[in-house]
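Okay, entry.tsv is below, TSV, C-alpha atoms and all ligand atoms:
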chain	number	residue	atom	x	y	z
A	1	MET	CA	-18.03	9.43	33.17
A	2	THR	CA	-14.71	10.50	31.63
A	3	LYS	CA	-13.23	7.98	29.18
A	4	TYR	CA	-9.52	7.53	28.48
A	5	ILE	CA	-7.36	6.78	25.44
A	6	ASN	CA	-3.61	6.22	25.87
A	7	LEU	CA	-0.63	6.43	23.56
A	8	LEU	CA	1.82	3.59	24.26
A	9	ALA	CA	5.31	4.58	23.08
A	10	PHE	CA	8.85	4.94	24.34
A	11	PRO	CA	9.66	7.73	24.61
A	12	ALA	CA	6.20	9.28	24.19
A	13	GLY	CA	6.97	12.95	24.85
A	14	HIS	CA	7.67	14.01	21.24
A	15	SER	CA	4.39	12.75	19.76
A	16	ILE	CA	1.87	15.30	18.46
A	17	SER	CA	-0.99	12.75	18.63
A	18	PRO	CA	-2.12	14.03	22.08
A	19	ALA	CA	-2.47	17.56	20.64
A	20	PHE	CA	-4.63	16.67	17.66
A	21	GLN	CA	-6.61	13.82	19.26
A	22	GLN	CA	-7.53	15.93	22.30
A	23	ALA	CA	-8.48	18.82	19.99
A	24	ALA	CA	-10.86	16.48	18.14
A	25	LEU	CA	-12.40	15.10	21.36
A	26	ASP	CA	-12.90	18.63	22.73
A	27	HIS	CA	-14.32	19.92	19.44
A	28	LEU	CA	-17.04	17.26	19.53
A	29	GLY	CA	-17.65	17.84	23.25
A	30	LEU	CA	-16.73	14.27	24.17
A	31	ASP	CA	-15.83	13.65	27.82
A	32	ALA	CA	-12.57	11.85	27.06
A	33	ARG	CA	-8.86	12.38	27.71
A	34	TYR	CA	-6.02	11.31	25.39
A	35	ALA	CA	-2.73	10.84	27.24
A	36	ALA	CA	0.78	9.85	26.15
A	37	LEU	CA	2.24	7.15	28.37
A	38	SER	CA	5.98	6.56	28.10
A	39	THR	CA	5.95	2.78	28.22
A	40	ALA	CA	9.13	0.72	28.53
A	41	ALA	CA	9.09	-2.72	26.90
A	42	CYS	CA	8.91	-4.47	30.28
A	43	ALA	CA	5.76	-2.47	31.18
A	44	LEU	CA	3.90	-3.01	27.90
A	45	GLY	CA	1.80	-5.99	29.09
A	46	ASP	CA	0.56	-4.06	32.15
A	47	ALA	CA	-0.13	-0.93	30.07
A	48	VAL	CA	-2.28	-2.99	27.67
A	49	ASP	CA	-4.08	-4.74	30.54
A	50	MET	CA	-5.00	-1.35	31.99
A	51	LEU	CA	-7.03	-0.71	28.80
A	52	ARG	CA	-9.37	-3.53	29.84
A	53	GLY	CA	-10.72	-1.26	32.59
A	54	LYS	CA	-14.24	0.11	31.98
A	55	ASP	CA	-13.04	3.72	31.60
A	56	TYR	CA	-10.86	3.04	28.55
A	57	LEU	CA	-11.80	3.29	24.86
A	58	GLY	CA	-8.45	2.04	23.55
A	59	ALA	CA	-5.00	3.29	22.60
A	60	ASN	CA	-2.54	4.26	19.93
A	61	VAL	CA	0.70	2.30	19.71
A	62	THR	CA	3.94	3.50	18.19
A	63	ILE	CA	7.70	2.98	18.24
A	64	PRO	CA	8.97	0.62	19.59
A	65	HIS	CA	5.83	-1.44	20.39
A	66	LYS	CA	3.94	-1.73	17.08
A	67	GLU	CA	4.96	-5.36	16.55
A	68	SER	CA	5.50	-6.64	20.10
A	69	VAL	CA	2.08	-5.42	21.31
A	70	ARG	CA	0.32	-8.07	19.19
A	71	ARG	CA	0.87	-10.84	21.72
A	72	HIS	CA	-1.04	-8.90	24.41
A	73	LEU	CA	-4.19	-8.50	22.28
A	74	ASP	CA	-7.21	-10.77	21.72
A	75	ALA	CA	-7.47	-10.35	17.92
A	76	LEU	CA	-6.10	-8.38	14.96
A	77	ASP	CA	-7.99	-6.75	12.10
A	78	PRO	CA	-6.93	-7.80	8.55
A	79	TRP	CA	-4.57	-4.82	8.07
A	80	ALA	CA	-2.75	-5.39	11.37
A	81	GLU	CA	-2.51	-9.09	10.45
A	82	THR	CA	-1.13	-8.33	6.96
A	83	LEU	CA	1.37	-5.71	8.13
A	84	GLY	CA	2.38	-7.55	11.31
A	85	ALA	CA	2.04	-4.26	13.20
A	86	VAL	CA	-0.59	-2.48	15.29
A	87	ASN	CA	-1.00	1.29	15.64
A	88	THR	CA	-4.48	1.34	17.22
A	89	ILE	CA	-6.13	-0.73	19.95
A	90	VAL	CA	-9.91	-0.69	20.19
A	91	LYS	CA	-11.96	-2.16	23.03
A	92	GLN	CA	-14.90	-4.22	21.83
A	93	GLY	CA	-16.80	-5.51	24.84
A	94	ASP	CA	-14.14	-7.26	26.93
A	95	ARG	CA	-11.82	-7.81	23.99
A	96	LEU	CA	-8.88	-5.72	22.78
A	97	ILE	CA	-8.59	-5.66	18.99
A	98	GLY	CA	-5.44	-4.47	17.17
A	99	HIS	CA	-5.86	-2.34	14.04
A	100	ASN	CA	-3.44	-0.68	11.63
A	101	THR	CA	-4.61	2.56	10.01
A	102	ASP	CA	-1.30	3.59	8.36
A	103	ALA	CA	-2.15	2.40	4.82
A	104	TYR	CA	-5.58	4.04	5.09
A	105	GLY	CA	-3.88	7.30	6.16
A	106	LEU	CA	-1.55	7.31	3.15
A	107	LEU	CA	-4.25	6.41	0.61
A	108	ARG	CA	-6.66	9.04	1.93
A	109	ALA	CA	-3.90	11.69	1.93
A	110	LEU	CA	-3.07	10.88	-1.70
A	111	ARG	CA	-6.73	10.97	-2.70
A	112	GLU	CA	-7.80	14.10	-0.81
A	113	GLN	CA	-4.63	16.20	-0.97
A	114	ALA	CA	-3.37	15.33	-4.48
A	115	GLY	CA	-6.43	13.86	-6.22
A	116	PHE	CA	-4.30	10.74	-6.82
A	117	GLN	CA	-6.13	7.51	-7.67
A	118	PRO	CA	-3.71	4.55	-7.47
A	119	ARG	CA	-5.43	2.12	-9.87
A	120	GLY	CA	-3.31	1.43	-12.97
A	121	ARG	CA	-0.51	3.83	-11.91
A	122	SER	CA	3.25	3.29	-11.56
A	123	VAL	CA	4.92	3.91	-8.19
A	124	LEU	CA	8.48	4.32	-6.91
A	125	LEU	CA	8.64	3.62	-3.17
A	126	LEU	CA	11.76	4.71	-1.26
A	127	GLY	CA	12.36	2.65	1.87
A	128	ALA	CA	11.61	-0.85	3.08
A	129	GLY	CA	10.86	-0.43	6.80
A	130	GLY	CA	7.51	-0.56	8.59
A	131	ALA	CA	6.06	2.55	6.95
A	132	ALA	CA	7.12	1.37	3.48
A	133	ARG	CA	5.47	-1.98	4.12
A	134	ALA	CA	2.15	-0.27	4.91
A	135	ALA	CA	2.47	1.87	1.75
A	136	ALA	CA	3.38	-1.11	-0.45
A	137	PHE	CA	0.50	-3.31	0.71
A	138	GLY	CA	-1.96	-0.41	0.64
A	139	LEU	CA	-1.02	0.68	-2.89
A	140	CYS	CA	-1.00	-2.90	-4.23
A	141	ARG	CA	-4.45	-3.49	-2.72
A	142	GLU	CA	-5.67	-0.40	-4.62
A	143	GLY	CA	-4.60	-1.90	-7.97
A	144	ILE	CA	-1.42	-0.04	-8.98
A	145	ALA	CA	0.17	-1.35	-12.19
A	146	SER	CA	3.81	-1.40	-11.06
A	147	LEU	CA	5.86	-0.87	-7.93
A	148	THR	CA	9.61	-0.36	-7.67
A	149	ILE	CA	10.99	-0.48	-4.13
A	150	ALA	CA	14.34	1.27	-3.61
A	151	ASN	CA	16.21	0.85	-0.35
A	152	ARG	CA	19.67	1.60	1.00
A	153	THR	CA	19.87	-2.01	2.18
A	154	LEU	CA	18.86	-3.86	-0.99
A	155	GLU	CA	18.03	-7.13	0.85
A	156	ARG	CA	15.19	-5.43	2.72
A	157	ALA	CA	13.66	-4.22	-0.57
A	158	VAL	CA	13.96	-7.75	-1.97
A	159	ASP	CA	12.29	-9.16	1.17
A	160	LEU	CA	9.40	-6.71	0.82
A	161	VAL	CA	8.92	-7.61	-2.84
A	162	THR	CA	8.87	-11.29	-1.80
A	163	ALA	CA	6.31	-10.59	0.94
A	164	LEU	CA	4.05	-8.82	-1.57
A	165	GLY	CA	4.02	-11.99	-3.68
A	166	LYS	CA	3.27	-12.52	-7.34
A	167	ALA	CA	-0.43	-11.75	-7.28
A	168	GLY	CA	0.01	-7.97	-7.29
A	169	PRO	CA	1.49	-5.59	-9.84
A	170	VAL	CA	4.85	-5.79	-11.63
A	171	LEU	CA	7.38	-5.57	-8.78
A	172	ALA	CA	11.07	-4.70	-8.66
A	173	ALA	CA	13.64	-4.13	-5.91
A	174	ILE	CA	16.58	-1.76	-6.44
A	175	SER	CA	19.24	-0.02	-4.37
A	176	MET	CA	19.38	3.75	-3.78
A	177	ALA	CA	22.26	4.09	-6.26
A	178	VAL	CA	21.87	7.28	-8.32
A	179	GLU	CA	21.73	5.52	-11.72
A	180	GLU	CA	19.14	2.99	-10.53
A	181	ILE	CA	16.94	5.72	-9.05
A	182	ALA	CA	17.27	7.84	-12.23
A	183	GLU	CA	16.03	4.92	-14.34
A	184	ALA	CA	13.19	4.02	-11.96
A	185	VAL	CA	11.89	7.57	-11.55
A	186	ALA	CA	11.56	8.28	-15.29
A	187	GLY	CA	7.87	8.58	-16.18
A	188	VAL	CA	6.65	7.30	-12.82
A	189	ASP	CA	3.24	8.56	-11.58
A	190	LEU	CA	3.98	8.62	-7.85
A	191	VAL	CA	7.09	8.74	-5.66
A	192	VAL	CA	6.61	7.91	-1.96
A	193	ASN	CA	9.43	8.57	0.47
A	194	ALA	CA	9.16	6.12	3.37
A	195	THR	CA	12.75	6.57	4.50
A	196	SER	CA	13.70	8.92	7.34
A	197	VAL	CA	15.92	10.98	5.01
A	198	GLY	CA	15.10	14.67	5.49
A	199	MET	CA	13.70	14.21	9.01
A	200	ASN	CA	14.78	16.82	11.58
A	201	HIS	CA	17.36	15.48	14.04
A	202	GLY	CA	17.81	12.29	11.97
A	203	GLY	CA	21.07	11.13	10.40
A	204	ALA	CA	20.14	12.75	7.06
A	205	ALA	CA	18.37	15.94	8.22
A	206	GLY	CA	18.10	18.64	5.54
A	207	GLU	CA	18.68	16.15	2.70
A	208	SER	CA	16.42	14.92	-0.10
A	209	PRO	CA	16.43	11.13	-0.73
A	210	ILE	CA	16.47	11.67	-4.52
A	211	ASP	CA	17.56	14.27	-7.05
A	212	VAL	CA	14.32	16.08	-7.75
A	213	GLY	CA	15.64	17.29	-11.11
A	214	LEU	CA	14.73	13.80	-12.33
A	215	LEU	CA	11.00	14.29	-11.74
A	216	SER	CA	8.57	15.15	-14.51
A	217	PRO	CA	5.73	17.68	-13.91
A	218	GLY	CA	2.89	15.11	-13.83
A	219	THR	CA	4.46	13.15	-10.97
A	220	VAL	CA	3.04	13.29	-7.44
A	221	VAL	CA	5.55	13.21	-4.57
A	222	PHE	CA	4.48	12.07	-1.13
A	223	ASP	CA	6.94	12.38	1.75
A	224	MET	CA	6.07	10.51	4.95
A	225	VAL	CA	8.51	12.77	6.80
A	226	TYR	CA	6.58	15.48	8.67
A	227	THR	CA	9.33	17.15	10.72
A	228	PRO	CA	9.75	19.58	9.09
A	229	ILE	CA	6.17	19.79	7.80
A	230	GLU	CA	7.51	20.73	4.35
A	231	SER	CA	10.51	18.40	3.99
A	232	PRO	CA	13.47	19.16	1.70
A	233	LEU	CA	12.02	16.69	-0.86
A	234	ILE	CA	8.63	18.42	-0.85
A	235	GLU	CA	10.13	21.91	-1.03
A	236	ILE	CA	12.33	21.04	-4.00
A	237	ALA	CA	9.53	19.12	-5.75
A	238	ARG	CA	7.18	22.10	-5.50
A	239	SER	CA	9.91	24.45	-6.72
A	240	VAL	CA	9.98	22.51	-10.02
A	241	GLY	CA	6.17	22.41	-10.35
A	242	VAL	CA	5.64	18.88	-9.02
A	243	VAL	CA	2.72	18.24	-6.62
A	244	GLY	CA	4.13	17.47	-3.18
A	245	VAL	CA	2.17	16.24	-0.15
A	246	SER	CA	3.51	16.39	3.41
A	247	GLY	CA	3.49	13.30	5.66
A	248	LEU	CA	1.55	15.37	8.21
A	249	TRP	CA	-1.59	14.55	6.18
A	250	MET	CA	-0.96	10.81	6.52
A	251	LEU	CA	-0.44	11.22	10.26
A	252	ILE	CA	-3.71	13.12	10.58
A	253	TYR	CA	-5.74	10.71	8.45
A	254	GLN	CA	-4.41	7.62	10.23
A	255	GLY	CA	-5.30	9.36	13.49
A	256	ALA	CA	-8.75	10.24	12.15
A	257	ALA	CA	-9.37	6.56	11.40
A	258	SER	CA	-8.31	5.64	14.96
A	259	PHE	CA	-10.57	8.36	16.37
A	260	GLU	CA	-13.56	6.99	14.44
A	261	LEU	CA	-12.86	3.46	15.69
A	262	TRP	CA	-12.79	4.61	19.34
A	263	THR	CA	-15.69	7.05	19.27
A	264	GLY	CA	-17.95	5.93	16.40
A	265	GLN	CA	-18.08	9.59	15.29
A	266	ASP	CA	-16.73	11.33	12.17
A	267	ALA	CA	-13.33	12.81	12.95
A	268	PRO	CA	-13.06	16.62	12.55
A	269	VAL	CA	-10.07	16.42	10.21
A	270	ALA	CA	-9.58	20.17	9.69
A	271	ILE	CA	-9.45	20.73	13.47
A	272	MET	CA	-6.98	17.85	13.85
A	273	TYR	CA	-4.74	19.15	11.06
A	274	GLU	CA	-4.57	22.66	12.54
A	275	ALA	CA	-3.84	21.31	16.04
A	276	GLY	CA	-1.15	18.96	14.68
A	277	ARG	CA	0.43	21.71	12.61
A	278	SER	CA	0.49	24.13	15.58
A	279	ALA	CA	2.03	21.48	17.82
A	280	LEU	CA	4.80	20.81	15.28
A	281	LEU	CA	5.48	24.53	14.80
A	282	SER	CA	5.65	25.17	18.57
A	283	ALA	CA	7.97	22.19	19.05
A	284	ALA	CA	10.27	23.56	16.33
A	285	LYS	CA	10.61	26.99	18.02
A	286	PRO	CA	13.92	27.45	19.82
A	287	SER	CA	13.33	27.36	23.61
A	301	LIG	P1	12.09	2.12	9.82
A	301	LIG	O1	11.28	0.87	9.87
A	301	LIG	O2	13.18	2.33	10.81
A	301	LIG	O3	12.70	2.28	8.33
A	301	LIG	C1	13.55	3.34	8.02
A	301	LIG	C2	13.81	3.37	6.51
A	301	LIG	O4	14.60	4.53	6.19
A	301	LIG	C3	14.58	2.16	6.00
A	301	LIG	O5	14.15	1.86	4.69
A	301	LIG	C4	16.02	2.69	6.01
A	301	LIG	O6	16.89	2.01	5.11
A	301	LIG	C5	15.81	4.09	5.51
A	301	LIG	N1	16.90	5.01	5.88
A	301	LIG	C6	17.21	5.49	7.10
A	301	LIG	N2	18.27	6.33	7.02
A	301	LIG	C7	18.61	6.39	5.70
A	301	LIG	C8	19.62	7.09	4.97
A	301	LIG	N3	20.48	7.91	5.60
A	301	LIG	N4	19.68	6.93	3.63
A	301	LIG	C9	18.79	6.12	2.98
A	301	LIG	N5	17.83	5.42	3.63
A	301	LIG	C10	17.74	5.55	4.96
A	301	LIG	O7	11.13	3.40	9.99
A	301	LIG	P2	9.61	3.55	9.55
A	301	LIG	O8	8.74	3.33	10.70
A	301	LIG	O9	9.42	2.75	8.31
A	301	LIG	O10	9.55	5.15	9.24
A	301	LIG	C11	10.19	5.70	8.10
A	301	LIG	C12	9.86	7.20	8.02
A	301	LIG	O11	8.45	7.38	7.84
A	301	LIG	C13	10.21	7.99	9.30
A	301	LIG	O12	10.67	9.27	8.93
A	301	LIG	C14	8.87	8.10	10.02
A	301	LIG	O13	8.80	9.25	10.86
A	301	LIG	C15	7.93	8.24	8.83
A	301	LIG	N6	6.57	7.81	9.12
A	301	LIG	C16	5.57	8.71	8.91
A	301	LIG	C17	4.27	8.34	9.12
A	301	LIG	C18	3.18	9.35	8.87
A	301	LIG	O14	2.04	9.14	9.30
A	301	LIG	N7	3.48	10.43	8.16
A	301	LIG	C19	3.94	7.04	9.56
A	301	LIG	C20	4.99	6.14	9.76
A	301	LIG	C21	6.31	6.54	9.54
A	301	LIG	P3	17.70	0.69	5.60
A	301	LIG	O15	16.73	-0.44	5.48
A	301	LIG	O16	18.83	0.61	4.66
A	301	LIG	O17	18.12	0.95	7.04
Could you express the structure from this file as structure tokens?
Amino acid sequence: MTKYINLLAFPAGHSISPAFQQAALDHLGLDARYAALSTAACALGDAVDMLRGKDYLGANVTIPHKESVRRHLDALDPWAETLGAVNTIVKQGDRLIGHNTDAYGLLRALREQAGFQPRGRSVLLLGAGGAARAAAFGLCREGIASLTIANRTLERAVDLVTALGKAGPVLAAISMAVEEIAEAVAGVDLVVNATSVGMNHGGAAGESPIDVGLLSPGTVVFDMVYTPIESPLIEIARSVGVVGVSGLWMLIYQGAASFELWTGQDAPVAIMYEAGRSALLSAAKPS
């Protein structure tokens, strides 16, 4: 009997998750359909209840429901609890469990695409929204030595530092002012962009969040932005010999973790990456 997995988002039409999740299901010959469901806030409870039907394996959840969906679920895994946000729903018996695979996606992308091991390293994190929160908690859990969080709205960086607590690495919150960034970036091992600067159709499309001339060759740059696949930050970083990793890898690895939770099978990551990349390239073509 065909099984179903939904994406709960609003709007849902721009997501490339259906392309790469369906490619993975088809590649393994699984009789399952992944469908994007544009879900308004007032319909979220009903959309989650539908997953309780016997034909459903679970769902992905994205903007704007990652936080509000929690109240419709029966339990949260430790990452969803820590981050206060759910990106994956898995049906276990009659229960719906909320998971968050974003931190896993980032850490696996850093490890497999840049050979970066976080333990003992220094990190500059740009941004203090939901994606930055996942990165900060994930990197701290992996034993980084220091974390500087830079954000346009300084208060949000301070709040994130407070939420991380004193048990982790040396923590600092700064603004995005040029002099502060220049000081923070000197000698750092990893820069993660978790702002939307550089994202196509965003308010700062075509821009880099930092002056890449400040980077030293040993630094790894990870940009969560994946439209375009090679963001301005990544392009400039590579042009000066710095290793740059596209956010598309994080998207694929977080999706691979979701896939494994729903199906119990190893996700075909290479197939998913190619399907995701093709979907982004087709979407970027002028119609
Ligand atoms: P969010 O919660 O809305 O946070 C947005 C962040 O970007 C905030 O820190 C915001 O600063 C900053 N920002 C926005 N415009 C800016 C500008 N013009 N100059 C400087 N800073 C600016 O969004 P999010 O969910 O964290 O997502 C952030 C980015 O990560 C998006 O591009 C998203 O597509 C990407 N993302 C990628 C993945 C992946 O798998 N690759 C996963 C999640 C998110 P303020 O606090 O000052 O507003």
Self-check item: Shell of 6 Å around range 103-117 of chain A, all atoms listed in the file, local chain residues under 2 positions omitted, as a ChimeraX atom specification
Solution: /A:101,119,134-135,138,249-250,253-254
Name each residue within 6 Å of ligand LIG 301 (chain A), counting all atoms listed in the file, as a PyMOL selection string.
-> chain A and resi 127-132+151-153+156+194-197+199+203-204+224-226+247-248+250-251
List the neighbours of Val61 in chain A out to 6 Å using all atoms listed in the file; skip same-chain residues closer than 2 positions along the sequence, and give me the result as a ChimeraX atom specification.
/A:7-8,66,87-88
Interface rows for range 3-112 of chain A against range 256-261 of chain A: nearest pair, Å to one decimal, 10 Å, all atoms listed in the file, as a Markdown table:
| residue | atom | partner | partner_atom | distance |
| --- | --- | --- | --- | --- |
| A:Ile5 | CA | A:Phe259 | CA | 9.8 |
| A:Phe20 | CA | A:Ala256 | CA | 9.4 |
| A:Gln21 | CA | A:Phe259 | CA | 7.3 |
| A:Ala24 | CA | A:Phe259 | CA | 8.3 |
| A:Leu25 | CA | A:Phe259 | CA | 8.6 |
| A:Leu57 | CA | A:Leu261 | CA | 9.2 |
| A:Gly58 | CA | A:Leu261 | CA | 9.1 |
| A:Ala59 | CA | A:Ser258 | CA | 8.7 |
| A:Asn60 | CA | A:Ser258 | CA | 7.7 |
| A:Asn87 | CA | A:Ser258 | CA | 8.5 |
| A:Thr88 | CA | A:Ser258 | CA | 6.2 |
| A:Ile89 | CA | A:Ser258 | CA | 8.4 |
| A:Val90 | CA | A:Leu261 | CA | 6.8 |
| A:Lys91 | CA | A:Leu261 | CA | 9.3 |
| A:His99 | CA | A:Ser258 | CA | 8.4 |
| A:Asn100 | CA | A:Ser258 | CA | 8.6 |
| A:Thr101 | CA | A:Ala257 | CA | 6.4 |
| A:Asp102 | CA | A:Ala257 | CA | 9.1 |
| A:Tyr104 | CA | A:Ala257 | CA | 7.8 |
| A:Gly105 | CA | A:Ala257 | CA | 7.6 |
Those same residues, written as a short mmCIF file (atom, residue, chain, number, x, y, z; two decimals), keeping the file's coordinate frame with C-alpha atoms?
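What follows is the written file part34.cif:
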data_model
loop_
_atom_site.label_atom_id
_atom_site.label_comp_id
_atom_site.auth_asym_id
_atom_site.auth_seq_id
_atom_site.Cartn_x
_atom_site.Cartn_y
_atom_site.Cartn_z
CA ILE A 5 -7.36 6.78 25.44
CA PHE A 20 -4.63 16.67 17.66
CA GLN A 21 -6.61 13.82 19.26
CA ALA A 24 -10.86 16.48 18.14
CA LEU A 25 -12.40 15.10 21.36
CA LEU A 57 -11.80 3.29 24.86
CA GLY A 58 -8.45 2.04 23.55
CA ALA A 59 -5.00 3.29 22.60
CA ASN A 60 -2.54 4.26 19.93
CA ASN A 87 -1.00 1.29 15.64
CA THR A 88 -4.48 1.34 17.22
CA ILE A 89 -6.13 -0.73 19.95
CA VAL A 90 -9.91 -0.69 20.19
CA LYS A 91 -11.96 -2.16 23.03
CA HIS A 99 -5.86 -2.34 14.04
CA ASN A 100 -3.44 -0.68 11.63
CA THR A 101 -4.61 2.56 10.01
CA ASP A 102 -1.30 3.59 8.36
CA TYR A 104 -5.58 4.04 5.09
CA GLY A 105 -3.88 7.30 6.16
#
Restricting to all atoms listed in the file, whichever of A:Pro169, A:Gly255, A:Pro228, A:Gly264 is closest to Ala279 in chain A is A:Pro228
- Task: Can you work out the spacing between CA of Ala9 in chain A and CA of Val48 in chain A in Å, to one decimal?
- Result: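 Result for CA of Ala9 in chain A versus CA of Val48 in chain A: 11.7 Å, one decimal.
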**Message:** I need the residue nearest Val192 in chain A from this list: A:Ala157, A:Leu233, A:Leu30, A:Val221. Use all atoms listed in the file for the distance.
**Reply:**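 Going through A:Ala157, A:Leu233, A:Leu30, A:Val221 one by one, the smallest distance to Val192 in chain A is for A:Val221.
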Of A:Val242, A:Ile63, A:Val69, A:Leu154, the one sitting nearest Asp46 in chain A when using only C-alpha atoms is A:Val69
With all atoms listed in the file as the counted atoms, please give the residues lying no more than 7 Å from Arg33 in chain A, apart from itself and same-chain residues fewer than 4 positions off, as a PDB file with C-alpha atoms, in the frame of the given file.
ATOM      1  CA  LYS A   3     -13.230   7.980  29.180  1.00  0.00           C
ATOM      2  CA  TYR A   4      -9.520   7.530  28.480  1.00  0.00           C
ATOM      3  CA  ILE A   5      -7.360   6.780  25.440  1.00  0.00           C
ATOM      4  CA  GLN A  22      -7.530  15.930  22.300  1.00  0.00           C
TER       5      GLN A  22
END
Inset, instruction - Tell me, as a list in words, which residues lie within 8 Å of Thr2 in chain A, counting only C-alpha atoms; anything in the same chain fewer than 5 positions away does not count. - result: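 Using only C-alpha atoms, the neighbours found are Asp31, Ala32, Arg33 and Asp55 of chain A.
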(request) Go through A:Asp266, A:Glu183, A:Glu142, A:Glu207 one by one, measure the shortest atom-to-atom distance of each to Pro232 in chain A using all atoms listed in the file, and give the residue with the smallest value. (result)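 With all atoms listed in the file as the atom set, the closest residue is A:Glu207.
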- Which distance in Å separates CA of Gly206 in chain A and CA of Ala237 in chain A, to one decimal?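 Straight-line distance from CA of Gly206 in chain A to CA of Ala237 in chain A works out to 14.2 Å.
Note that the spacing between CA of Ser122 in chain A and CA of Ile229 in chain A amounts to 25.6 Å.
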* To do: Identify the residues around (7.5, 2.1, -5.6) within a radius of 10 Å, measuring from only C-alpha atoms in the coordinates stated by the file, and give them as a PyMOL selection string.
  => chain A and resi 122-127+132+135-136+139-140+144+146-150+171-174+184-185+188-194
**Polymer residues at most 8 Å from Leu214 in chain A, all atoms listed in the file, same-chain spacing of 3 or more positions, as a list of chain:residue names** =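 So the residues in contact are A:Ala182, A:Val185, A:Ala186, A:Asp211.
Among the candidate residues A:Val86, A:Val212, A:Val178, A:Leu76, the one lying nearest to Thr62 in chain A is A:Val86, with distances computed using all atoms listed in the file.
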Could I get range 12-26 of chain A rebuilt with N, CA and C atoms, written as a PDB file, in the coordinates of the input?
ATOM      1  N   ALA A  12       7.484   8.828  24.744  1.00  0.00           N
ATOM      2  CA  ALA A  12       6.200   9.280  24.190  1.00  0.00           C
ATOM      3  C   ALA A  12       6.112  10.799  24.093  1.00  0.00           C
ATOM      4  N   GLY A  13       7.068  11.492  24.685  1.00  0.00           N
ATOM      5  CA  GLY A  13       6.970  12.950  24.850  1.00  0.00           C
ATOM      6  C   GLY A  13       6.966  13.741  23.557  1.00  0.00           C
ATOM      7  N   HIS A  14       7.562  13.209  22.465  1.00  0.00           N
ATOM      8  CA  HIS A  14       7.670  14.010  21.240  1.00  0.00           C
ATOM      9  C   HIS A  14       6.431  13.900  20.344  1.00  0.00           C
ATOM     10  N   SER A  15       5.525  12.980  20.665  1.00  0.00           N
ATOM     11  CA  SER A  15       4.390  12.750  19.760  1.00  0.00           C
ATOM     12  C   SER A  15       3.433  13.941  19.741  1.00  0.00           C
ATOM     13  N   ILE A  16       2.894  14.240  18.550  1.00  0.00           N
ATOM     14  CA  ILE A  16       1.870  15.300  18.460  1.00  0.00           C
ATOM     15  C   ILE A  16       0.468  14.695  18.477  1.00  0.00           C
ATOM     16  N   SER A  17       0.353  13.369  18.591  1.00  0.00           N
ATOM     17  CA  SER A  17      -0.990  12.750  18.630  1.00  0.00           C
ATOM     18  C   SER A  17      -1.836  13.297  19.784  1.00  0.00           C
ATOM     19  N   PRO A  18      -1.278  13.487  21.005  1.00  0.00           N
ATOM     20  CA  PRO A  18      -2.120  14.030  22.080  1.00  0.00           C
ATOM     21  C   PRO A  18      -2.727  15.380  21.691  1.00  0.00           C
ATOM     22  N   ALA A  19      -1.955  16.225  21.000  1.00  0.00           N
ATOM     23  CA  ALA A  19      -2.470  17.560  20.640  1.00  0.00           C
ATOM     24  C   ALA A  19      -3.657  17.454  19.701  1.00  0.00           C
ATOM     25  N   PHE A  20      -3.520  16.649  18.626  1.00  0.00           N
ATOM     26  CA  PHE A  20      -4.630  16.670  17.660  1.00  0.00           C
ATOM     27  C   PHE A  20      -5.778  15.742  18.047  1.00  0.00           C
ATOM     28  N   GLN A  21      -5.493  14.679  18.814  1.00  0.00           N
ATOM     29  CA  GLN A  21      -6.610  13.820  19.260  1.00  0.00           C
ATOM     30  C   GLN A  21      -7.440  14.528  20.323  1.00  0.00           C
ATOM     31  N   GLN A  22      -6.772  15.229  21.252  1.00  0.00           N
ATOM     32  CA  GLN A  22      -7.530  15.930  22.300  1.00  0.00           C
ATOM     33  C   GLN A  22      -8.345  17.071  21.673  1.00  0.00           C
ATOM     34  N   ALA A  23      -7.749  17.743  20.669  1.00  0.00           N
ATOM     35  CA  ALA A  23      -8.480  18.820  19.990  1.00  0.00           C
ATOM     36  C   ALA A  23      -9.765  18.270  19.358  1.00  0.00           C
ATOM     37  N   ALA A  24      -9.680  17.080  18.775  1.00  0.00           N
ATOM     38  CA  ALA A  24     -10.860  16.480  18.140  1.00  0.00           C
ATOM     39  C   ALA A  24     -11.901  16.091  19.182  1.00  0.00           C
ATOM     40  N   LEU A  25     -11.460  15.495  20.291  1.00  0.00           N
ATOM     41  CA  LEU A  25     -12.400  15.100  21.360  1.00  0.00           C
ATOM     42  C   LEU A  25     -13.100  16.335  21.920  1.00  0.00           C
ATOM     43  N   ASP A  26     -12.323  17.400  22.165  1.00  0.00           N
ATOM     44  CA  ASP A  26     -12.900  18.630  22.730  1.00  0.00           C
ATOM     45  C   ASP A  26     -13.863  19.284  21.737  1.00  0.00           C
TER      46      ASP A  26
END
